[in-house]
Structures are given as C-alpha cells and as structure tokens.
>>> print(open('query_21.txt').read())   # compact mmCIF, C-alpha atoms
# COMPACT_ATOMS: atom_id res chain seq x y z
CA MET A 70 -9.42 -64.67 102.35
CA SER A 71 -11.24 -66.36 105.24
CA THR A 72 -10.03 -69.75 106.42
CA ASN A 73 -13.70 -70.70 106.33
CA LYS A 74 -14.22 -71.97 102.79
CA ILE A 75 -18.03 -72.01 102.98
CA VAL A 76 -20.13 -68.83 103.04
CA ARG A 77 -23.91 -68.63 103.05
CA THR A 78 -25.34 -65.97 100.75
CA ALA A 79 -28.87 -64.70 100.22
CA VAL A 80 -30.63 -62.92 97.38
CA VAL A 81 -33.90 -61.23 98.29
CA GLN A 82 -36.63 -61.38 95.64
CA ALA A 83 -39.25 -58.92 96.82
CA ALA A 84 -41.11 -55.74 95.92
CA PRO A 85 -40.68 -52.33 97.49
CA ILE A 86 -43.53 -50.26 98.85
CA ILE A 87 -43.57 -48.43 95.55
CA MET A 88 -42.66 -44.72 95.68
CA ASP A 89 -42.38 -44.78 99.50
CA ARG A 90 -38.79 -44.66 100.73
CA GLU A 91 -39.48 -44.96 104.46
CA GLN A 92 -41.84 -47.93 104.22
CA THR A 93 -39.54 -49.65 101.75
CA VAL A 94 -36.57 -49.19 104.10
CA ASP A 95 -38.64 -50.75 106.90
CA LYS A 96 -39.39 -53.74 104.65
CA ALA A 97 -35.74 -54.03 103.60
CA VAL A 98 -34.58 -54.00 107.23
CA SER A 99 -37.04 -56.77 108.09
CA LEU A 100 -35.98 -58.91 105.11
CA ALA A 101 -32.28 -58.36 105.85
CA ARG A 102 -32.82 -59.47 109.44
CA GLU A 103 -34.69 -62.56 108.22
CA ALA A 104 -31.87 -63.50 105.84
CA ALA A 105 -29.29 -63.02 108.59
CA SER A 106 -31.33 -65.16 110.98
CA LYS A 107 -31.01 -67.98 108.44
CA GLY A 108 -27.23 -67.72 108.52
CA ALA A 109 -26.56 -65.50 105.50
CA LYS A 110 -23.34 -63.49 105.65
CA ILE A 111 -23.87 -61.69 102.32
CA VAL A 112 -27.35 -60.37 101.51
CA ILE A 113 -28.25 -58.86 98.11
CA PHE A 114 -31.31 -56.80 97.16
CA PRO A 115 -32.53 -56.03 93.61
CA GLU A 116 -31.91 -53.10 91.31
CA ALA A 117 -33.78 -49.91 92.30
CA PHE A 118 -35.36 -51.51 95.36
CA ILE A 119 -35.59 -48.16 97.17
CA PRO A 120 -38.02 -46.60 96.25
CA ALA A 121 -38.95 -48.53 93.05
CA TYR A 122 -38.14 -49.58 89.54
CA PRO A 123 -41.04 -47.66 87.89
CA ARG A 124 -41.89 -50.32 85.34
CA GLY A 125 -44.75 -49.38 83.03
CA LEU A 126 -44.60 -45.62 83.62
CA THR A 127 -43.59 -43.10 80.97
CA PHE A 128 -43.78 -40.08 83.28
CA GLY A 129 -45.88 -38.44 80.57
CA THR A 130 -42.96 -38.28 78.15
CA ARG A 131 -43.08 -38.26 74.37
CA ILE A 132 -40.42 -37.12 71.95
CA GLY A 133 -40.47 -33.34 72.20
CA ALA A 134 -43.06 -33.15 75.01
CA ARG A 135 -43.60 -33.77 78.72
CA THR A 136 -46.85 -33.55 80.70
CA GLU A 137 -47.46 -31.81 83.99
CA GLU A 138 -48.77 -35.08 85.45
CA GLY A 139 -45.54 -36.81 84.48
CA ARG A 140 -43.46 -34.06 86.09
CA LYS A 141 -45.41 -34.54 89.33
CA ASP A 142 -44.77 -38.28 89.37
CA TRP A 143 -41.07 -37.79 88.62
CA ALA A 144 -40.83 -35.24 91.45
CA ARG A 145 -42.44 -37.81 93.76
CA TYR A 146 -39.86 -40.36 92.62
CA TRP A 147 -37.08 -37.84 93.23
CA GLU A 148 -38.40 -36.95 96.69
CA ASN A 149 -38.28 -40.63 97.67
CA SER A 150 -34.77 -41.20 96.34
CA VAL A 151 -31.77 -41.72 98.62
CA LEU A 152 -28.92 -39.44 99.63
CA VAL A 153 -25.57 -41.23 99.95
CA PRO A 154 -24.57 -40.85 102.71
CA GLY A 155 -27.72 -39.80 104.52
CA PRO A 156 -30.47 -40.94 106.90
CA THR A 157 -31.39 -43.97 104.80
CA THR A 158 -27.83 -45.24 104.58
CA ASP A 159 -27.50 -44.74 108.33
CA ILE A 160 -30.45 -47.10 108.89
CA LEU A 161 -29.15 -49.70 106.45
CA GLY A 162 -25.67 -49.53 107.90
CA GLU A 163 -27.05 -50.06 111.38
CA VAL A 164 -28.97 -53.20 110.40
CA ALA A 165 -25.82 -54.52 108.70
CA ARG A 166 -23.90 -53.85 111.93
CA GLN A 167 -26.51 -55.45 114.17
CA THR A 168 -26.78 -58.58 112.02
CA GLU A 169 -23.08 -58.67 111.07
CA ILE A 170 -23.75 -59.08 107.35
CA TYR A 171 -22.43 -57.65 104.13
CA LEU A 172 -25.51 -55.87 102.77
CA VAL A 173 -25.91 -54.79 99.14
CA MET A 174 -28.90 -52.59 98.30
CA GLY A 175 -30.27 -51.29 95.01
CA ILE A 176 -31.39 -47.68 95.34
CA ILE A 177 -32.30 -44.63 93.35
CA GLU A 178 -29.65 -42.15 94.45
CA ARG A 179 -30.17 -38.42 94.56
CA GLU A 180 -27.16 -36.28 93.68
CA SER A 181 -25.90 -34.80 96.95
CA GLU A 182 -23.58 -32.16 95.51
CA GLY A 183 -24.77 -28.61 94.87
CA ASN A 184 -28.36 -27.98 93.84
CA GLN A 185 -28.60 -30.73 91.21
CA SER A 186 -31.72 -32.86 90.87
CA THR A 187 -30.23 -35.69 88.81
CA ILE A 188 -30.94 -39.20 90.14
CA PHE A 189 -28.98 -42.38 89.47
CA CYS A 190 -29.62 -46.11 89.58
CA THR A 191 -27.08 -47.23 92.19
CA ILE A 192 -26.04 -50.17 94.33
CA ILE A 193 -24.49 -49.51 97.74
CA TYR A 194 -22.37 -51.83 99.88
CA PHE A 195 -22.26 -52.04 103.69
CA GLY A 196 -19.87 -54.01 105.85
CA PRO A 197 -20.74 -56.00 108.99
CA ASP A 198 -19.49 -53.10 111.11
CA GLY A 199 -22.08 -50.84 109.47
CA THR A 200 -19.58 -48.98 107.32
CA LEU A 201 -20.67 -47.76 103.89
CA LEU A 202 -17.98 -49.52 101.85
CA GLY A 203 -18.80 -48.19 98.40
CA LYS A 204 -21.32 -47.61 95.66
CA HIS A 205 -21.72 -48.20 91.96
CA ARG A 206 -23.78 -45.99 89.68
CA LYS A 207 -25.22 -47.57 86.55
CA LEU A 208 -23.05 -46.47 83.63
CA LYS A 209 -25.71 -46.74 80.92
CA PRO A 210 -29.44 -46.60 81.67
CA THR A 211 -31.27 -48.70 79.10
CA GLY A 212 -33.86 -47.36 76.66
CA SER A 213 -36.42 -45.13 78.35
CA GLU A 214 -34.53 -45.36 81.66
CA LEU A 215 -32.51 -42.51 80.17
CA LEU A 216 -35.57 -40.30 80.70
CA ILE A 217 -35.28 -40.53 84.47
CA TRP A 218 -31.70 -41.51 85.43
CA GLY A 219 -28.33 -39.92 84.84
CA GLU A 220 -25.26 -41.87 83.74
CA GLY A 221 -22.60 -42.96 86.18
CA ASP A 222 -18.86 -42.72 85.55
CA GLY A 223 -15.82 -44.90 86.05
CA SER A 224 -15.15 -43.65 89.56
CA THR A 225 -17.69 -46.11 90.97
CA LEU A 226 -16.60 -49.05 88.81
CA SER A 227 -15.03 -50.92 91.67
CA ALA A 228 -15.35 -53.77 94.17
CA VAL A 229 -15.26 -54.25 97.93
CA ASP A 230 -13.20 -56.63 100.05
CA THR A 231 -14.75 -59.30 102.26
CA PRO A 232 -13.14 -62.12 104.26
CA TYR A 233 -14.49 -64.45 101.55
CA GLY A 234 -12.97 -62.60 98.59
CA ARG A 235 -13.79 -59.50 96.58
CA MET A 236 -17.36 -58.63 95.64
CA GLY A 237 -18.68 -56.34 92.92
CA GLY A 238 -20.88 -56.26 89.90
CA LEU A 239 -22.89 -54.42 87.30
CA ILE A 240 -26.56 -53.46 87.17
CA CYS A 241 -28.90 -55.20 84.73
CA TRP A 242 -28.04 -54.48 81.08
CA GLU A 243 -24.66 -52.98 81.97
CA ASN A 244 -23.76 -56.66 81.83
CA TYR A 245 -24.23 -56.54 78.06
CA MET A 246 -21.25 -54.15 77.89
CA PRO A 247 -18.29 -56.51 77.28
CA LEU A 248 -15.64 -54.00 78.34
CA ALA A 249 -17.52 -53.18 81.54
CA ARG A 250 -17.58 -56.89 82.39
CA ALA A 251 -13.87 -57.11 81.63
CA ALA A 252 -13.21 -54.14 83.93
CA MET A 253 -15.05 -55.90 86.75
CA TYR A 254 -13.15 -59.15 86.17
CA GLU A 255 -9.93 -57.17 86.57
CA GLU A 256 -11.10 -56.27 90.10
CA GLY A 257 -10.36 -59.86 91.12
CA LEU A 258 -13.88 -60.90 92.08
CA ASN A 259 -15.09 -64.04 93.79
CA PHE A 260 -18.68 -62.80 93.83
CA TYR A 261 -20.19 -61.13 90.77
CA LEU A 262 -23.51 -59.39 91.49
CA THR A 263 -26.16 -58.80 88.83
CA PRO A 264 -29.05 -56.91 90.47
CA THR A 265 -31.59 -56.52 87.69
CA ALA A 266 -35.08 -55.67 86.51
CA ASP A 267 -34.94 -58.23 83.69
CA SER A 268 -37.26 -61.18 84.29
CA ARG A 269 -37.00 -62.69 80.80
CA GLU A 270 -36.01 -66.30 80.40
CA GLU A 271 -33.24 -65.05 78.09
CA TRP A 272 -31.61 -63.22 81.01
CA GLN A 273 -30.84 -66.59 82.58
CA SER A 274 -28.52 -67.29 79.64
CA THR A 275 -26.71 -64.02 80.36
CA ILE A 276 -26.04 -64.66 84.02
CA ARG A 277 -24.97 -68.26 83.41
CA HIS A 278 -22.59 -67.05 80.71
CA ILE A 279 -21.13 -64.48 83.14
CA ALA A 280 -20.52 -67.24 85.68
CA LEU A 281 -18.81 -69.41 83.07
CA GLU A 282 -16.77 -66.50 81.70
CA SER A 283 -15.68 -64.99 85.03
CA ARG A 284 -15.46 -68.24 87.02
CA CYS A 285 -17.17 -66.33 89.84
CA PHE A 286 -20.25 -67.07 91.90
CA VAL A 287 -23.03 -64.99 90.31
CA LEU A 288 -25.75 -63.63 92.58
CA ASN A 289 -28.68 -62.49 90.47
CA CYS A 290 -31.43 -60.57 92.24
CA ASN A 291 -34.72 -59.28 90.83
CA GLN A 292 -38.03 -58.01 92.17
CA PHE A 293 -41.42 -59.71 92.10
CA VAL A 294 -43.97 -56.97 91.43
CA THR A 295 -47.68 -56.91 90.60
CA LYS A 296 -49.76 -54.05 89.25
CA ALA A 297 -51.82 -54.11 92.45
CA MET A 298 -48.71 -52.97 94.37
CA TYR A 299 -48.65 -49.56 92.63
CA PRO A 300 -50.14 -46.56 94.46
CA THR A 301 -53.37 -45.58 92.73
CA ASN A 302 -52.81 -41.88 93.44
CA LEU A 303 -50.01 -41.57 90.89
CA ALA A 304 -50.79 -38.71 88.53
CA CYS A 305 -50.07 -41.01 85.57
CA TYR A 306 -51.64 -44.16 87.05
CA ASN A 307 -53.75 -44.60 83.91
CA GLU A 308 -50.53 -45.49 82.04
CA LEU A 309 -50.65 -48.88 83.77
CA GLU A 310 -54.05 -49.88 82.35
CA SER A 311 -52.60 -51.99 79.55
CA CYS A 312 -49.92 -53.61 81.75
CA PRO A 313 -50.21 -57.26 82.89
CA ASP A 314 -51.19 -58.09 86.46
CA ILE A 315 -47.69 -59.46 87.11
CA MET A 316 -45.33 -56.66 86.19
CA CYS A 317 -42.07 -58.47 87.03
CA ARG A 318 -41.84 -62.24 87.55
CA GLY A 319 -38.46 -62.34 89.28
CA GLY A 320 -36.01 -65.02 88.18
CA SER A 321 -33.52 -64.52 91.01
CA ALA A 322 -30.81 -67.17 91.19
CA ILE A 323 -27.40 -68.08 92.61
CA ILE A 324 -25.00 -69.69 90.13
CA SER A 325 -21.72 -71.55 90.56
CA PRO A 326 -18.45 -70.67 88.78
CA MET A 327 -19.22 -73.54 86.40
CA GLY A 328 -22.58 -72.05 85.41
CA GLN A 329 -24.75 -74.38 87.47
CA TYR A 330 -27.77 -73.24 89.49
CA LEU A 331 -27.21 -73.47 93.24
CA ALA A 332 -30.53 -71.77 94.05
CA GLY A 333 -33.39 -70.76 91.82
CA PRO A 334 -34.35 -69.41 89.47
CA VAL A 335 -37.59 -68.59 91.29
CA TRP A 336 -40.60 -66.98 89.62
CA ASP A 337 -43.89 -65.36 90.60
CA LYS A 338 -43.39 -64.91 94.34
CA GLU A 339 -41.44 -63.07 96.99
CA VAL A 340 -38.70 -65.25 98.46
CA ILE A 341 -35.25 -65.24 100.07
CA LEU A 342 -32.93 -67.61 98.19
CA LEU A 343 -30.07 -69.11 100.18
CA ALA A 344 -26.99 -71.00 99.05
CA ASP A 345 -23.84 -72.21 100.81
CA LEU A 346 -20.97 -71.33 98.48
CA ASP A 347 -17.83 -73.48 98.50
CA LEU A 348 -14.98 -71.08 97.81
CA ASN A 349 -12.77 -73.96 96.72
CA GLN A 350 -14.79 -74.06 93.51
CA ILE A 351 -13.27 -70.78 92.34
CA PRO A 352 -9.63 -71.90 91.87
CA GLN A 353 -10.86 -75.31 90.73
CA SER A 354 -12.98 -73.71 88.01
CA ARG A 355 -10.10 -71.49 86.84
CA PHE A 356 -7.79 -74.44 86.15
CA ASP A 357 -8.69 -74.29 82.45
CA LEU A 358 -10.09 -70.75 82.11
CA ASP A 359 -8.84 -67.69 83.98
CA VAL A 360 -9.85 -64.51 82.16
CA THR A 361 -7.51 -62.30 84.19
CA GLY A 362 -4.71 -64.86 84.18
CA HIS A 363 -3.60 -67.31 81.54
CA TYR A 364 -6.58 -66.54 79.28
CA SER A 365 -6.07 -62.76 79.29
CA ARG A 366 -3.28 -62.40 76.66
CA PRO A 367 -2.08 -58.92 77.77
CA ASP A 368 0.51 -59.06 74.98
CA VAL A 369 -2.42 -58.71 72.54
CA PHE A 370 -5.21 -56.98 74.49
CA GLN A 371 -5.17 -54.06 76.90
CA LEU A 372 -8.10 -52.39 78.67
CA THR A 373 -7.98 -48.80 79.89
CA VAL A 374 -10.58 -47.70 82.44
CA ASP A 375 -10.99 -44.02 83.35
CA LYS A 376 -11.80 -44.03 87.06
CA ARG A 377 -11.75 -40.28 87.50
CA LYS A 378 -14.89 -38.75 88.96
CA LYS A 379 -16.65 -36.52 86.44
CA VAL A 380 -18.26 -33.40 87.84
CA ASN A 381 -20.23 -30.43 86.59
CA ILE A 382 -18.37 -27.93 84.36
CA LYS A 383 -18.99 -25.17 86.92
CA LYS A 384 -16.92 -27.08 89.46
CA SER A 385 -14.08 -28.51 87.41
CA ASN A 386 -12.55 -28.79 83.98
CA ASP A 387 -12.96 -32.58 84.31
CA PHE A 388 -16.46 -32.97 82.93
CA TYR A 389 -18.47 -34.89 80.35
>>> encode(input="query_21.txt", output="structure tokens")
Amino acid sequence: MSTNKIVRTAVVQAAPIIMDREQTVDKAVSLAREAASKGAKIVIFPEAFIPAYPRGLTFGTRIGARTEEGRKDWARYWENSVLVPGPTTDILGEVARQTEIYLVMGIIERESEGNQSTIFCTIIYFGPDGTLLGKHRKLKPTGSELLIWGEGDGSTLSAVDTPYGRMGGLICWENYMPLARAAMYEEGLNFYLTPTADSREEWQSTIRHIALESRCFVLNCNQFVTKAMYPTNLACYNELESCPDIMCRGGSAIISPMGQYLAGPVWDKEVILLADLDLNQIPQSRFDLDVTGHYSRPDVFQLTVDKRKKVNIKKSNDFY
C-alpha cells in the first residue's frame, strides 16, 4: 500500500472507431495521454472498446440459420480483434509506460492458441512500467452476445496489485452473478471495476450496491455511441435502421465505498471523469461491514473457485 492515501483515477466514456482496431487504438492512446496529463494514475476504458461493442447488429443470425452477410461482418469483427500479447498490447503497454499509469482496456480478444477463431470479451491490465499485468475474460456473455463471444474460465478471475491496493473486476452483467462477485471480493480489492455496455438507469443501482456490498471504490465505465458512428459499408448495416440515433448513453461514474457518487453519472457525451480517491475511506467503511472479514461467516459458507485454465480437448484432458 502506498503511503500516499489519495489517488486520482479516470474513467473514459468514449466511442471507438467502430470495427477499426488501428484507429481505435490511436484514439485510446490519445485519451489515455489526456487522462494522465490531468493527473490520473489509474485509467479505465469501457467494455469492448477495441474494436467495438456491436450494439444493434445480429450478424444475420436467426435460430437455425445464418446469412452470408452476417458471416462477413463477423469476420470483419474477428479481423479487428486483439491478440494478447501482440502488436496492440505492445502499443498500449508503451503508452502506459510513457505516462506512468495503470491502464485498463476493454477489448475483443482473439484466441492466440492453435488455429481457433473464437473471440472473447476481455479486459487487460497494464502497469506503469508497460508490463501486461493480467487479463480477465468475461465468464458469461449475455443473451445474444453468446452468438459472437466465447466463455471465459476461472483462470482469469483474478486481480492485480498496485501501490494503492488491489484492483480487479467483472464485465457488465457478470456482476449479476453473486458467486462471481464473491470470488472477486476474496481477491482483497480496493478498486472494483465494472466496464459495461449497460446504459440503463437501473444499472446505477447495481454499481452502487456493489460499492456498498464490497466497501470498494467502484469505477464504472461505459461508451457513448451514436448510430452515425457506425461504418455504412457493413454488410448488415440495414439492421440498424430501427435503432435510435443514440445507441448507448453512457452512465459512467466513480462511486465511494459508501455508495456515494464521486463523479458522474454522465450521459449523452464523450468525457473523461476524474476523482481523487481517499484510501482511508476503505477501512473506515468496513468498520461495520467487511464481506471477507467479520461478515463472511466461513463456519457457515464456503466458496470454491476453479482457477484452472480450460483448453481444447485435443490439447488436454482438462476441458469443458
């Protein structure tokens, strides 16, 4: 733990250059530099920032059928996904090193092992020396997300150390999985991250509850996206005709361990939210509620988390 009890954090509410990895990385680098120039030491980007959260698209999928146009758009999505590690992570690590920040980025990750084409919704963590500290793959894609993303496993259900305390989190509706939240609390977090694509008012109740339950600072980060930002040369672009002009309103916020807003929520624009977090609030808040301490009751409840990496049956007997 740092002797400095105040740390400035930033959540970046912005849109990618949809379906374009290189241009989106350029935008992310610029925004990360801007946040660092304002004194941020921890900088968080939304779920699926690189290359996009493809809101409104079905990729031509119906039960029992797929279209050729949808396959083309999915292949474009796949081609713009991110290898971890790879050239994109090298760039992001370098900007983290140059600005001396902890950088957390939401990406669509391409499987790097073998000849697989599965992609995952992932968050990746970089340290201020540029090191790739870890990643977390979304355990359970929600609804039609299952059409395009694979499921993560317990091997990436972890946290990273910083001088300000441990940092980790879950992606979007993973946070509605009570045992997944409990597993993250057991990591001993000071900072609980909730990168998301959920811009509903109801989501604010979720993230405030997580802050109150965990007694952590919650950093919630979402995109602001309009229909005009989508490339018109998508094969399935006509699927967006019935969508509203504002596809995702945002709602990014930074919340105290007592459930109070420290920044945001902000709607309907791109913005970098900043907040100076007083780390003294964490032990103060846990005086009467400590879910991994005196409120845990291990004599009654026990949680088992399988953190083994699951691989393809052709490579190992440890498979789904």
>>> residues_near_point(input="query_21.txt", point="(-21.3, -56.0, 107.8)", cutoff="7 Å", atoms="all atoms listed in the file", output="JSON, numbers by chain")
{"A": [165, 166, 169, 170, 171, 172, 195, 196, 197, 198, 199]}
>>> residues_around(input="query_21.txt", residues="A:Ile279", least_positions_apart="5", cutoff="10 Å", atoms="only C-alpha atoms", output="CSV table (one decimal) with C-alpha atoms, in the coordinates of the input")
chain,number,residue,atom,x,y,z
A,244,ASN,CA,-23.8,-56.7,81.8
A,245,TYR,CA,-24.2,-56.5,78.1
A,250,ARG,CA,-17.6,-56.9,82.4
A,261,TYR,CA,-20.2,-61.1,90.8
A,263,THR,CA,-26.2,-58.8,88.8
A,273,GLN,CA,-30.8,-66.6,82.6
A,274,SER,CA,-28.5,-67.3,79.6
A,284,ARG,CA,-15.5,-68.2,87.0
A,285,CYS,CA,-17.2,-66.3,89.8
A,286,PHE,CA,-20.2,-67.1,91.9
A,287,VAL,CA,-23.0,-65.0,90.3
A,324,ILE,CA,-25.0,-69.7,90.1
A,326,PRO,CA,-18.4,-70.7,88.8
A,327,MET,CA,-19.2,-73.5,86.4
A,328,GLY,CA,-22.6,-72.0,85.4
>>> atom_distance(input="query_21.txt", atom1="atom CA of A:Thr225", atom2="atom CA of A:Glu282")
22.4 Å
>>> closest_atom_pairs(input="query_21.txt", of="stretch 188-305 of chain A", to="stretch 360-373 of chain A", cutoff="7 Å", atoms="all atoms listed in the file", output="Markdown table")
| residue | atom | partner | partner_atom | distance |
| --- | --- | --- | --- | --- |
| A:Tyr254 | CA | A:Thr361 | CA | 6.8 |
| A:Glu255 | CA | A:Thr361 | CA | 6.2 |
| A:Ser283 | CA | A:Val360 | CA | 6.5 |
>>> atom_distance(input="query_21.txt", atom1="atom CA of A:Asn149", atom2="atom CA of A:Arg90")
5.1 Å
>>> residues_near_point(input="query_21.txt", point="(-29.0, -63.5, 99.7)", cutoff="8 Å", atoms="all atoms listed in the file", output="PyMOL selection string")
chain A and resi 77-81+104+109+111-114+288+341-344
>>> write_last_selection(input="query_21.txt", atoms="C-alpha atoms", output="JSON list (two decimals), in the frame of the given file")
[["chain", "number", "residue", "atom", "x", "y", "z"],
["A", 77, "ARG", "CA", -23.91, -68.63, 103.05],
["A", 78, "THR", "CA", -25.34, -65.97, 100.75],
["A", 79, "ALA", "CA", -28.87, -64.70, 100.22],
["A", 80, "VAL", "CA", -30.63, -62.92, 97.38],
["A", 81, "VAL", "CA", -33.90, -61.23, 98.29],
["A", 104, "ALA", "CA", -31.87, -63.50, 105.84],
["A", 109, "ALA", "CA", -26.56, -65.50, 105.50],
["A", 111, "ILE", "CA", -23.87, -61.69, 102.32],
["A", 112, "VAL", "CA", -27.35, -60.37, 101.51],
["A", 113, "ILE", "CA", -28.25, -58.86, 98.11],
["A", 114, "PHE", "CA", -31.31, -56.80, 97.16],
["A", 288, "LEU", "CA", -25.75, -63.63, 92.58],
["A", 341, "ILE", "CA", -35.25, -65.24, 100.07],
["A", 342, "LEU", "CA", -32.93, -67.61, 98.19],
["A", 343, "LEU", "CA", -30.07, -69.11, 100.18],
["A", 344, "ALA", "CA", -26.99, -71.00, 99.05]]
>>> closest_residue(input="query_21.txt", among="A:Ala304, A:Ala266, A:Ile193, A:Ile276", to="A:Gln329", atoms="all atoms listed in the file")
A:Ile276
>>> atom_distance(input="query_21.txt", atom1="atom CA of A:Trp272", atom2="atom CA of A:Gln92")
29.6 Å
>>> closest_residue(input="query_21.txt", among="A:Leu126, A:Val76, A:Cys317, A:Ala84", to="A:Gly108", atoms="only C-alpha atoms")
A:Val76
>>> closest_residue(input="query_21.txt", among="A:Pro264, A:Asp357, A:Glu308, A:Val340", to="A:Glu138", atoms="all atoms listed in the file")
A:Glu308
>>> residues_around(input="query_21.txt", residues="A:Leu309", least_positions_apart="6", cutoff="12 Å", atoms="all atoms listed in the file", output="mmCIF file with C-alpha atoms, in the coordinates of the input")
data_model
loop_
_atom_site.group_PDB
_atom_site.id
_atom_site.type_symbol
_atom_site.label_atom_id
_atom_site.label_comp_id
_atom_site.auth_asym_id
_atom_site.auth_seq_id
_atom_site.Cartn_x
_atom_site.Cartn_y
_atom_site.Cartn_z
ATOM 1 C CA PRO A 123 -41.040 -47.660 87.890
ATOM 2 C CA ARG A 124 -41.890 -50.320 85.340
ATOM 3 C CA GLY A 125 -44.750 -49.380 83.030
ATOM 4 C CA LEU A 126 -44.600 -45.620 83.620
ATOM 5 C CA THR A 127 -43.590 -43.100 80.970
ATOM 6 C CA PHE A 128 -43.780 -40.080 83.280
ATOM 7 C CA GLY A 129 -45.880 -38.440 80.570
ATOM 8 C CA THR A 295 -47.680 -56.910 90.600
ATOM 9 C CA LYS A 296 -49.760 -54.050 89.250
ATOM 10 C CA ALA A 297 -51.820 -54.110 92.450
ATOM 11 C CA MET A 298 -48.710 -52.970 94.370
ATOM 12 C CA TYR A 299 -48.650 -49.560 92.630
ATOM 13 C CA PRO A 300 -50.140 -46.560 94.460
ATOM 14 C CA THR A 301 -53.370 -45.580 92.730
ATOM 15 C CA LEU A 303 -50.010 -41.570 90.890
ATOM 16 C CA ILE A 315 -47.690 -59.460 87.110
ATOM 17 C CA MET A 316 -45.330 -56.660 86.190
#
>>> closest_residue(input="query_21.txt", among="A:Val98, A:Val374, A:Leu281, A:Leu239", to="A:Thr265", atoms="only C-alpha atoms")
A:Leu239
>>> closest_residue(input="query_21.txt", among="A:Gly219, A:Lys204, A:Asp345, A:Gly238", to="A:Gln185", atoms="all atoms listed in the file")
A:Gly219
>>> closest_residue(input="query_21.txt", among="A:Asn302, A:Thr191, A:Gln82, A:Thr130", to="A:Arg145", atoms="only C-alpha atoms")
A:Asn302
>>> axis_aligned_box(input="query_21.txt", around="stretch 148-159 of chain A", padding_each_side="6 Å", output="AutoDock Vina command-line options")
--center_x -31.5 --center_y -41.1 --center_z 102.3 --size_x 25.8 --size_y 20.3 --size_z 24.0
